[in-house]
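The structure appears below as C-alpha cells.
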Amino acid sequence: MLTSSLYVTVTGLMADLFGLHQFVFHAYAGYIFTTAILIHIGLNSPRMYAHLRGLFDGRSKTRQRRSREFDSKRSVGRRELIIAAVSAVGGFFAGWLIPEEGRPLPGDAVDMGELYHRWSAPDHGLDFPMPNWGERPASYKTYPDAELVPLPEPGWASNMTVSQVLEARRSNRDYATRSLSKEALSALLYGAQGITLDRLAFRAAPSAGALYPIELYPIVHDVQGVSPGVYHYAVQVHALERLEAGDFRGRVTRAGLYQAFLGDAGVCFLLTAVFHRTRWKYRQRAYRYVLLEAGHAAQNVYLVATALALGACAVGAFYDEQFNDLLGLDIQEEAVVYLVSVGELA
C-alpha cells in the first residue's frame with residue numbers, strides 16, 4: 001500500500017511539473033491508499049507497539065526467543081516447496097502457451113491501423129465487383145428546430161505576426177475564471193471552419209475535394225452573451241444552433257477521462273466527422289482524409305486562440321461513446337474524432 005501511494009504521488013507530481021494531463025484518479029487513489037494505511041496501523045497498533053518495544057527495550061533474550069518462535073512458525077516443509085515449484089513452472093508455461101494476440105490479421109500487419117493504411121493506398125488492388133459507395137450527401141448539417149444564436153462578424157485584432165503566433169503556440173490547460181468574449185468565440189469558429197470565399201463556399205481549413213466532412217459542436221461553459229449548453233456551428237450562416245441548454249462541465253470532464261481542465265475552459269469544441277461526405281468520392285481513402293482535416297481545423301483553433309492571447313489544448317483521449325451520446329449521433333454516419341478546449345489564460 002505504501003508503494004502504491006508513493007507511485008500515485010510521484011506520477012501526480014510529474015504530471016503537474018511537466019504539464020501532462022492530470023486525472024482526478026491520482027487524488028482519489030492517494031486518498032484511498034492513505035486511508036487503508038491508517039486503518040491497517042489502527043488495527044495492528046498493539047502488535048506494532050510490542051514489536052517496537054521489543055527492539056529497544058534491551059531484553060535480548062526475549063527478542064531471541066520471539067525470533068526463534070517466528071522462524072519455527074514460518075518454516076516451510078517439502079510439500080510446500082513442491083507446490084510452489086510446480087505453480088511457478090505451470091504459470092510460466094501457461095503464460096508461454098496462451099497466445100497474447102487475438103485473431104491473426106491478413107499478411108504481416110501488426111494492428112488494424114497498419115492494415116487500413118495499406119488497404120487504403122491508391123495502388124491497392126480492389127476486389128471486383130466494385131463496392132457501392134453511395135451518392136453525395138448534403139454539404140451542410142442543420143437543425144431546423146433549434147434556436148439560432150447569432151454571432152458577431154468574425155475578426156480579431158492582434159499585434160502578433162504569423163511567425164510570432166507559430167512560435168508562441170502551446171497547449172495550455174490552466175484557465176482563468178474570466179469569461180470568454182462572444183467575439184472570441186466567433187473568431188475561433190470562423191478560423192476552424194468559416195466560409196472564406198462565398199462564391200465557392202471555400203473554408204478556412206483545407207479539405208480533400210472541398211467536401212468538408214468536419215462539423216463543430218461548441219460546448220459552452222462560460223462565454224459572455226451565450227448561455228451554457230450544447231451548440232452546433234451553422235457554418236453557412238455563421239451562427240450557433242442551440243441543441244440543449246445547461247451546465248455540461250461534469251459530463252464533458254467525465255467523457256474526457258476526468259481531465260479537470262475541460263470543465264475549467266470557457267468552451268470545448270467537439271469536432272465530428274460526417275464520413276460519407278468524403279467517402280462517396282474518395283472511397284477507401286476517406287478515413288485518412290477525415291482525420292487529417294480534423295487536425296487542420298484544430299490547428300486553426302490553436303492559432304486563433306494564440307493570436308487572441310487565449311489558451312487552447314487539443315485532446316484525443318476521451319470516451320467516444322459518451323460524447324457521441326451527448327450529441328445524439330449515429331456513429332455509422334457521424335462521430336466525434338477530436339476535442340479542443342479554449343479558455344482565458346490563468
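Just remember, in the C-alpha cells the first chain shown is A, the second B, etc., residues are 1-based per chain, and ligands are 1-based in the order shown.
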**OP:** as a VMD selection string, list the residues of stretch 86-276 of chain A assigned to helix (DSSP H, G or I) by DSSP on the backbone atoms of this structure.
**Re:** chain A and resid 86 to 97 112 to 119 162 to 168 182 to 193 208 to 210 249 to 255 261 to 264 276
Subject >> Among listed residues A:Val342, A:Ile195, A:Val252, A:Leu310, nearest A:Asp222 (using only C-alpha atoms) >> reply: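 Closest candidate: A:Val342.
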Set the distance at 10 Å and use only C-alpha atoms: which residues neighbour stretch 199-210 of chain A once local chain neighbours fewer than 2 positions away are removed? I'd like the list as a PDB file with C-alpha atoms, in the first residue's frame.
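Output below, filename out.pdb:
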ATOM      1  CA  SER A 139     -22.830  19.612 -47.741  1.00  0.00           C
ATOM      2  CA  LEU A 189     -15.378  29.106 -35.036  1.00  0.00           C
ATOM      3  CA  TYR A 190     -14.627  31.090 -38.172  1.00  0.00           C
ATOM      4  CA  GLY A 191     -10.947  30.187 -38.021  1.00  0.00           C
ATOM      5  CA  ALA A 192     -11.770  26.492 -37.714  1.00  0.00           C
ATOM      6  CA  GLN A 193     -14.432  26.090 -40.400  1.00  0.00           C
ATOM      7  CA  GLY A 194     -15.686  29.505 -41.509  1.00  0.00           C
ATOM      8  CA  ILE A 195     -16.521  30.152 -45.162  1.00  0.00           C
ATOM      9  CA  THR A 196     -13.816  32.435 -46.568  1.00  0.00           C
ATOM     10  CA  LEU A 197     -14.955  32.547 -50.197  1.00  0.00           C
ATOM     11  CA  TYR A 212     -15.667  19.466 -45.667  1.00  0.00           C
ATOM     12  CA  PRO A 213     -16.731  16.462 -43.580  1.00  0.00           C
ATOM     13  CA  ILE A 214     -15.910  18.174 -40.240  1.00  0.00           C
ATOM     14  CA  VAL A 235     -21.302  27.380 -40.869  1.00  0.00           C
ATOM     15  CA  GLN A 236     -23.406  28.571 -43.829  1.00  0.00           C
ATOM     16  CA  ARG A 277     -19.226  13.434 -47.358  1.00  0.00           C
ATOM     17  CA  THR A 278     -15.725  12.224 -48.175  1.00  0.00           C
ATOM     18  CA  LYS A 281     -15.806  10.285 -53.701  1.00  0.00           C
ATOM     19  CA  TYR A 282     -12.554   9.051 -52.150  1.00  0.00           C
ATOM     20  CA  ALA A 286     -11.761   8.671 -46.963  1.00  0.00           C
ATOM     21  CA  TYR A 289      -8.607  12.461 -45.217  1.00  0.00           C
ATOM     22  CA  VAL A 290     -11.210  12.910 -42.491  1.00  0.00           C
ATOM     23  CA  LEU A 292      -6.219  14.918 -41.498  1.00  0.00           C
ATOM     24  CA  GLU A 293      -8.912  17.556 -41.841  1.00  0.00           C
ATOM     25  CA  ALA A 294      -9.829  17.361 -38.166  1.00  0.00           C
ATOM     26  CA  GLY A 295      -6.179  18.184 -37.485  1.00  0.00           C
ATOM     27  CA  HIS A 296      -6.279  21.144 -39.875  1.00  0.00           C
ATOM     28  CA  ALA A 297      -9.333  22.611 -38.119  1.00  0.00           C
ATOM     29  CA  ALA A 298      -7.899  22.018 -34.636  1.00  0.00           C
ATOM     30  CA  GLN A 299      -4.615  23.706 -35.552  1.00  0.00           C
ATOM     31  CA  ASN A 300      -6.543  26.739 -36.791  1.00  0.00           C
TER      32      ASN A 300
END
Subject >> Nearest candidate to A:Pro152 (options A:Glu244, A:Glu114, A:Asp330, A:Glu183; using only C-alpha atoms) >> reply: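 The closest residue to A:Pro152 is A:Glu183.
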**OP:** Go ahead and compute the interatomic distance for atom CA of A:Ala121 and atom CA of A:Arg288, in Å to one decimal.
**Re:**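 According to the coordinates, atom CA of A:Ala121 and atom CA of A:Arg288 are separated by 9.9 Å.
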